[in-house]
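Down below is the structure, laid out as structure tokens.
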Amino acid sequence: MKKSILLLLAFLFSIGAYAQTDYGPSAGQQNHNLFSGTGTNSGFGIKGGVNFATLRGSDKDVLGNFSGLTTFHAGVYTQFSLGNTFSIQPEALYSRKGIERNDSTFRFDYLEVPILAVFNITENVSIHFGPQVGILMSAKEEDTEVNIEPLNTFAYGIAAGAEARLSIFRLGARYNLGLEDLRKENNQGQKINQDIKHGVFQVYLGLGF
């Protein structure tokens, strides 16, 4: 699964870089894009920012008193224009989630791949919405590795947000609604159905090219 996602990402971002090539016979001609006649609303870049992570769900009270964790995410994106107001934006993000409970910090590190529909409200403001999938890479309590076997290592959910663009800079906010349960087994290895899921609010800064 991990190799398949990494190969898909490599393919997508190689297309994104190729799509920015200037095909005009002279330097003064307008850029053209594989997916659009104008080359607008497309590109690739890097992004990173702050995660305000917590856990949600009807069974979250079994964890006792806990608070959210302020942490980070970072990665790359590419954007394929399908017109002047609509585009598709795949991303590859390293995202840390977690909580603080009983004077301990619990961290869950994911490789996530959102595939977002981008709708331009104005020339510089857009809204984003779409599914995302991910893989749990590691889990820790403080600095000690936690066995991830009882956890759902395949993550999926919905992401939605808004972004403002100024020159090469992008400033945005997004909410990631996790739909998979955090745990699939109890400590004895028995299957459970426990409604505890991730919820993450993100604020980020990006550079686009």
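By convention here, the chains of the structure tokens are called A, B, ... in the order presented, each chain's residues are numbered starting at 1, and ligands are numbered starting at 1 in the order presented.
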*Excluding Leu69 in chain A and residues on its chain fewer than 2 positions from it, collect all residues at most 9 Å away from it, counting only C-alpha atoms, and give them as JSON, numbers by chain.*
{"A": [51, 52, 53, 54, 67, 71, 97, 98, 99, 100, 105, 106, 107]}
Write out as a tab-separated table (two decimals) with C-alpha atoms, in the first residue's frame the residues lying within 7 Å of range 164-170 of chain A, counting only C-alpha atoms and excluding same-chain residues fewer than 6 positions away.
```
chain	number	residue	atom	x	y	z
A	124	ASN	CA	-7.21	35.27	-5.44
A	125	VAL	CA	-9.62	33.39	-3.15
A	126	SER	CA	-10.70	29.78	-3.49
A	205	LEU	CA	1.42	28.86	4.32
A	206	GLY	CA	2.43	27.70	0.86
A	207	LEU	CA	4.74	28.71	-1.96
A	208	GLY	CA	3.53	28.07	-5.50
A	209	PHE	CA	5.39	27.99	-8.80
```
*Restricting the calculation to only C-alpha atoms, which member of A:Thr70, A:Asn120, A:Ser104, A:Ser95 is positioned closest to Gly83 in chain A?*
A:Asn120
Within 9 Å of Ala117 in chain A using only C-alpha atoms, minus same-chain residues under 4 positions, as a short mmCIF file (atom, residue, chain, number, x, y, z; two decimals) with N, CA and C atoms, in the first residue's frame:
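As a result, around.cif now contains:
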```
data_model
loop_
_atom_site.label_atom_id
_atom_site.label_comp_id
_atom_site.auth_asym_id
_atom_site.auth_seq_id
_atom_site.Cartn_x
_atom_site.Cartn_y
_atom_site.Cartn_z
N PHE A 86 -12.02 26.30 -11.92
CA PHE A 86 -12.03 24.98 -11.30
C PHE A 86 -10.73 24.24 -11.58
N SER A 87 -10.23 23.54 -10.55
CA SER A 87 -9.02 22.74 -10.71
C SER A 87 -9.04 21.58 -9.72
N ILE A 88 -8.14 20.63 -9.93
CA ILE A 88 -7.96 19.50 -9.04
C ILE A 88 -6.57 19.62 -8.41
N GLN A 89 -6.51 19.44 -7.09
CA GLN A 89 -5.26 19.63 -6.37
C GLN A 89 -4.92 18.41 -5.50
N PRO A 90 -4.05 17.52 -5.98
CA PRO A 90 -3.53 16.44 -5.13
C PRO A 90 -2.38 16.97 -4.27
N ILE A 127 -12.10 28.04 -2.55
CA ILE A 127 -12.52 27.08 -1.55
C ILE A 127 -12.13 25.68 -2.02
N HIS A 128 -11.80 24.81 -1.08
CA HIS A 128 -11.30 23.48 -1.37
C HIS A 128 -12.18 22.44 -0.69
N PHE A 129 -12.42 21.33 -1.39
CA PHE A 129 -13.22 20.25 -0.80
C PHE A 129 -12.89 18.94 -1.50
N GLY A 130 -12.75 17.88 -0.69
CA GLY A 130 -12.52 16.58 -1.31
C GLY A 130 -12.11 15.52 -0.32
#
```
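As for CA of Val76 in chain A and CA of Gly178 in chain A, they are spaced 20.6 Å apart.
Closest approach to Glu163 in chain A among A:Ser81, A:Asn176, A:Ser58, A:Thr122: A:Thr122, based on only C-alpha atoms.
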